Amino acid sequence: MVRVFSAAMRGESMVDKDQSRLDAVLDTVVDGIILIDARGNVLSFNPACEKLFGYAAAEVIGQNVKMLMPEPFRAEHDGYLDNYRRTGERKIIGIGREVTGRRKDGSTFPMDLSVGEARHNGETIFVGVIRDLTERKNYERAILDSAMRLRAVLDTAVDGVILIDARGNISMFNPACEKLFGYAADEVAGQNVKMLMPEPYQSEHDGYLANYRNTGERKIIGIGREVTGRRKDGSTFPMDLSVGECKIAGHSSFVGVVRDLTDRKKAEAQLVQAQKMEAVGQLSGGIAHDFNNLLTVILGNAEVLAESLKARPDLEALINSIMLAAERGGELTQRLLAFSRRQTLQPTNIDCSRLVQRMQQLLRRTLRENIAIRIEVEEGLWAAFADPGQLESAILNLSLNAQDAMPSGGSLTIATQNIRLDDGYQALNPEVPPGRYILIAVTDTGTGMPPEVKARVFEPFFTTKEVGKGSGLGLSMVYGFVKQSNGHVSIYSEPGLGTTIRLYLPAPSGAEKGDELPPESGATSLAGSETILVVEDDPFVRAYAVSSLRALGYTVVMAADGREALEQLATSAALDLLFTDVVMPNGINGWELAHEARNLRPALKVLLTSGYALETLEAHGHLHPGLAVLNKPYRRTLLAKRIREVLDGN
């Protein structure tokens with residue numbers, strides 16, 4: 001039959017030599033070659049076909065070619081032949097059609113089928129050339145699986161991954177990049193990567209690409225380069241950028257791996273500040289000790305001279321001035337020792353609520369009459385382990401500083417509260433171990449501080465007062481005392497909105513008063529089952545509010561800022577009350593959030609809270625009449641009562 005086919009192809013009689021050559025080719029080719037007649041019966045079946053289908057040639061020659069096909073190709077084959085006999089339409093004649101073959105054992109495999117047509121003695125003969133696609137399909141499947149695994153890695157990676165071409169245009173932007181830069185992937189696709197850079201990085205990028213195209217120099221290829229990224233809203237952030245080069249379809253592409261350094265930079269700044277304060281403290285402590293020795297000599301000799309000069313009133317007055325100056329120098333050295341944490345402390349378990357209440361009369365006599373004093377203490381306060389005398393001195397110093405910040409009068413609030421600082425707070429403040437603390441918050445309605453002043457406020461000898469009107473050691477003494485007591489100090493201040501300084505003193509578990517909070521009167525009536533959205537940017541205040549409300553039976557939804565709160569308002573099914581801080585970052589404050597919330601949900605109740613004095617917020621237009629407000633710091637009982645009042649419409 002091969003001889004018949006070859007003769008038909010060449011249109012001449014074949015000699016035995018030519019036939020042998022053709023048989024050798026058909027027997028050795030890798031691809032399967034099969035001949036069938038117009039009725040679909042097999043005329044020839046070469047060795048490659050035998051290997052592909054598992055049949056010997058003698059088993060298939062004379063049989064219909066359908067035996068080598070699974071459904072639906074069998075039905076298609078019958079339909080093609082019927083149509084060909086009726087119309088002569090050569091429907092499948094051509095090169096490269098992917099079909100499925102059926103082996104002798106019933107298994108199937110993908111194959112590429114090319115079909116040609118010839119005439120012999122007036123009859124049609126079809127030639128099929130078959131190529132097994134199993135390996136190629138397995139390879140394609142492996143590539144697809146690899147691509148899917150890579151996509152899964154990129155979609156779940158914490159770091160941003162971005163792919164750009166040699167012209168700097170973005171072709172891939174993973175979800176971490178979307179979160180980092182604020183753009184959706186389809187917003188940046190095809191755009192130049194410069195849109196993600198502020199100056200001078202945009203110009204540097206243009207210069208790098210121009211140099212790369214001209215010289216091929218791979219200037220920034222490598223690991224770890226600290227640059228600045230630009231978000232969709234125009235804000236910038238520090239990031240670590242690693243760039244690699246790859247070839248795609250013969251063209252260079254660049255892969256950038258981006259890691260946000262914001263948290264690391266913040267932690268580094270806190271560490272540098274802590275190290276600076278530690279270094280200054282060591283220097284101050286050394287000076288104080290040496291200076292005390294000098295003061296001892298001065299005071300001792302001055303006392304001897306005073307005894308000898310009693311008969312000389314004119315000289316005795318000079319000696320008294322020397323002694324008074326030396327005593328004042330001793331007070332300064334004592335404050336330096338407090339800052340450097342080298343003063344002698346006598347810590348004991350303190351009831352901070354009683355201590356603060358006892359100081360109210362002292363403060364009333366000390367501060368000007370136009371300063372209103374308010375004391376707020378939490379019932380069942382844990383015992384703090386600290387030196388009571390030094391704590392009184394710290395509160396007095398803070399109160400005097402608050403008075404100086406309110407030259408025209410104002411309000412001073414001193415509050416106590418039980419606080420638990422968790423691992424999340426330690427992540428923001430690495431030097432603060434988690435645990436239970438007593439919070440003593442001193443809040444004024446004064447002028448507040450700009451960021452550059454707030455950053456240095458605890459440094460010794462730093463003061464904003466006129467020369468001669470302050471030593472700059474008051475707040476540094478407070479800082480040193482609290483740190484020496486294994487506590488923590490934080491400051492919350494903005495120009496025009498007053499200042500809150502929070503002292504956190506450790507509450508030991510061994511000898512404490514009121515380890516567990518006692519049952520509060522009316523606690524049952526203050527409980528509820530409503531759903532409350534708590535919006536608070538301070539993580540430990542938010543955790544305290546959420547735990548308190550959940551303990552009262554409420555369902556609580558949380559948000560860290562106004563934007564996140566709006567998302568919760570749009571998606572949460574049922575919300576009965578919005579409990580939000582007033583002053584928050586990221587562009588949406590509490591009163592704006594309350595306005596938007598009532599537009600979305602007119603029946604929603606709103607309770608605002610703030611660490612700033614209410615009269616200060618009202619004076620700056622930050623509070624609207626009729627809105628319910630809970631002042632910070634608040635006790636748990638007061639929180640429960642205020643929530644219940646707002647929900648009940650009282």
# chains A, B, ... in the order shown; residues from 1 in each chain; ligands from 1

call {"tool": "residues_around", "arguments": {"residues": "region 172-186 of chain A", "least_positions_apart": "2", "cutoff": "6 Å", "atoms": "only C-alpha atoms", "output": "NGL selection string"}}
result
:A and (155 or 158-163 or 170 or 188-189 or 231-232)

call {"tool": "write_last_selection", "arguments": {"atoms": "N, CA, C and O atoms", "output": "tab-separated table (two decimals), in the first residue's frame"}}
result
chain	number	residue	atom	x	y	z
A	155	ASP	N	0.39	37.23	45.38
A	155	ASP	CA	-0.85	37.79	45.94
A	155	ASP	C	-0.84	37.80	47.46
A	155	ASP	O	-1.53	38.62	48.08
A	158	VAL	N	3.83	39.75	51.78
A	158	VAL	CA	3.74	40.96	52.60
A	158	VAL	C	4.41	42.14	51.89
A	158	VAL	O	3.94	43.28	51.97
A	159	ASP	N	5.51	41.85	51.19
A	159	ASP	CA	6.22	42.90	50.47
A	159	ASP	C	5.56	43.18	49.13
A	159	ASP	O	4.97	42.29	48.50
A	160	GLY	N	5.69	44.42	48.68
A	160	GLY	CA	5.19	44.78	47.37
A	160	GLY	C	6.12	44.26	46.28
A	160	GLY	O	7.34	44.31	46.42
A	161	VAL	N	5.53	43.74	45.20
A	161	VAL	CA	6.30	43.26	44.05
A	161	VAL	C	5.75	43.95	42.81
A	161	VAL	O	4.55	43.91	42.55
A	162	ILE	N	6.66	44.58	42.04
A	162	ILE	CA	6.26	45.34	40.87
A	162	ILE	C	7.16	44.95	39.71
A	162	ILE	O	8.36	44.76	39.89
A	163	LEU	N	6.58	44.79	38.51
A	163	LEU	CA	7.33	44.42	37.32
A	163	LEU	C	7.22	45.55	36.31
A	163	LEU	O	6.11	46.01	36.00
A	170	ILE	N	4.77	49.95	33.94
A	170	ILE	CA	4.38	48.91	34.90
A	170	ILE	C	3.55	47.84	34.20
A	170	ILE	O	2.57	48.13	33.51
A	188	VAL	N	-2.47	51.55	37.54
A	188	VAL	CA	-1.06	51.77	37.24
A	188	VAL	C	-0.57	50.96	36.05
A	188	VAL	O	0.52	51.23	35.53
A	189	ALA	N	-1.34	49.97	35.60
A	189	ALA	CA	-0.91	49.13	34.49
A	189	ALA	C	-0.65	49.99	33.25
A	189	ALA	O	-1.48	50.78	32.83
A	231	ARG	N	2.46	57.89	47.61
A	231	ARG	CA	1.14	57.25	47.54
A	231	ARG	C	0.19	58.03	46.63
A	231	ARG	O	0.48	59.15	46.20
A	232	LYS	N	-0.96	57.42	46.38
A	232	LYS	CA	-1.97	58.05	45.52
A	232	LYS	C	-2.42	59.39	46.09
A	232	LYS	O	-2.70	60.33	45.34

call {"tool": "residues_around", "arguments": {"residues": "region 429-440 of chain A", "least_positions_apart": "5", "cutoff": "6 Å", "atoms": "only C-alpha atoms", "output": "VMD selection string"}}
result
chain A and resid 415 to 423 502 to 507

call {"tool": "select_by_dssp", "arguments": {"residues": "region 424-609 of chain A", "states": "strand (DSSP E or B)", "output": "PyMOL selection string"}}
result
chain A and resi 435-444+488-493+499-506+531-535+555-559+577-581+605-609

call {"tool": "residues_around", "arguments": {"residues": "Met239 (chain A)", "least_positions_apart": "6", "cutoff": "8 Å", "atoms": "only C-alpha atoms", "output": "list of chain:residue names"}}
result
A:Glu226, A:Val227, A:Thr228, A:Gly229, A:Val258, A:Arg259, A:Asp260, A:Leu261, A:Thr262

call {"tool": "atom_distance", "arguments": {"atom1": "CA of Met359 (chain A)", "atom2": "CA of Leu638 (chain A)"}}
result
22.9 Å

call {"tool": "residues_around", "arguments": {"residues": "Ile350 (chain A)", "least_positions_apart": "6", "cutoff": "8 Å", "atoms": "only C-alpha atoms", "output": "number ranges by chain"}}
result
A: 383-386, 388

call {"tool": "closest_residue", "arguments": {"among": "A:Thr531, A:Gln63, A:Asn46, A:Gln202", "to": "Leu578 (chain A)", "atoms": "only C-alpha atoms"}}
result
A:Thr531

call {"tool": "residues_around", "arguments": {"residues": "Ala394 (chain A)", "least_positions_apart": "5", "cutoff": "9 Å", "atoms": "only C-alpha atoms", "output": "list of chain:residue names"}}
result
A:Gly389, A:Ser399, A:Gly474, A:Leu475, A:Met477, A:Val478, A:Tyr479, A:Phe481, A:Val482

call {"tool": "select_by_dssp", "arguments": {"residues": "region 16-119 of chain A", "states": "alpha helix (DSSP H)", "output": "MDAnalysis selection string"}}
result
chainID A and resid 16:28 47:53 57:60 73:87

call {"tool": "residues_around", "arguments": {"residues": "Leu577 (chain A)", "least_positions_apart": "3", "cutoff": "6 Å", "atoms": "only C-alpha atoms", "output": "list in words"}}
result
Ile532, Leu604, Lys605 and Val606 of chain A

call {"tool": "closest_residue", "arguments": {"among": "A:Arg264, A:Arg86, A:Lys454, A:Arg225", "to": "Asp240 (chain A)", "atoms": "only C-alpha atoms"}}
result
A:Arg225

call {"tool": "atom_distance", "arguments": {"atom1": "CA of Gly168 (chain A)", "atom2": "CA of Gly250 (chain A)"}}
result
16.4 Å

call {"tool": "closest_residue", "arguments": {"among": "A:Ala269, A:Ala157, A:Ile130, A:Val556", "to": "Val535 (chain A)", "atoms": "only C-alpha atoms"}}
result
A:Val556

call {"tool": "closest_residue", "arguments": {"among": "A:Asp538, A:Asp351, A:Glu592, A:Glu59", "to": "Trp382 (chain A)", "atoms": "only C-alpha atoms"}}
result
A:Asp351

call {"tool": "atom_distance", "arguments": {"atom1": "CA of Glu98 (chain A)", "atom2": "CA of Asp112 (chain A)"}}
result
4.6 Å

call {"tool": "closest_residue", "arguments": {"among": "A:Pro347, A:Gly553, A:Gly116, A:Gly79", "to": "Leu526 (chain A)", "atoms": "only C-alpha atoms"}}
result
A:Gly553

call {"tool": "closest_residue", "arguments": {"among": "A:Asn397, A:Asn586, A:Gln403, A:Thr637", "to": "Gly380 (chain A)", "atoms": "only C-alpha atoms"}}
result
A:Thr637
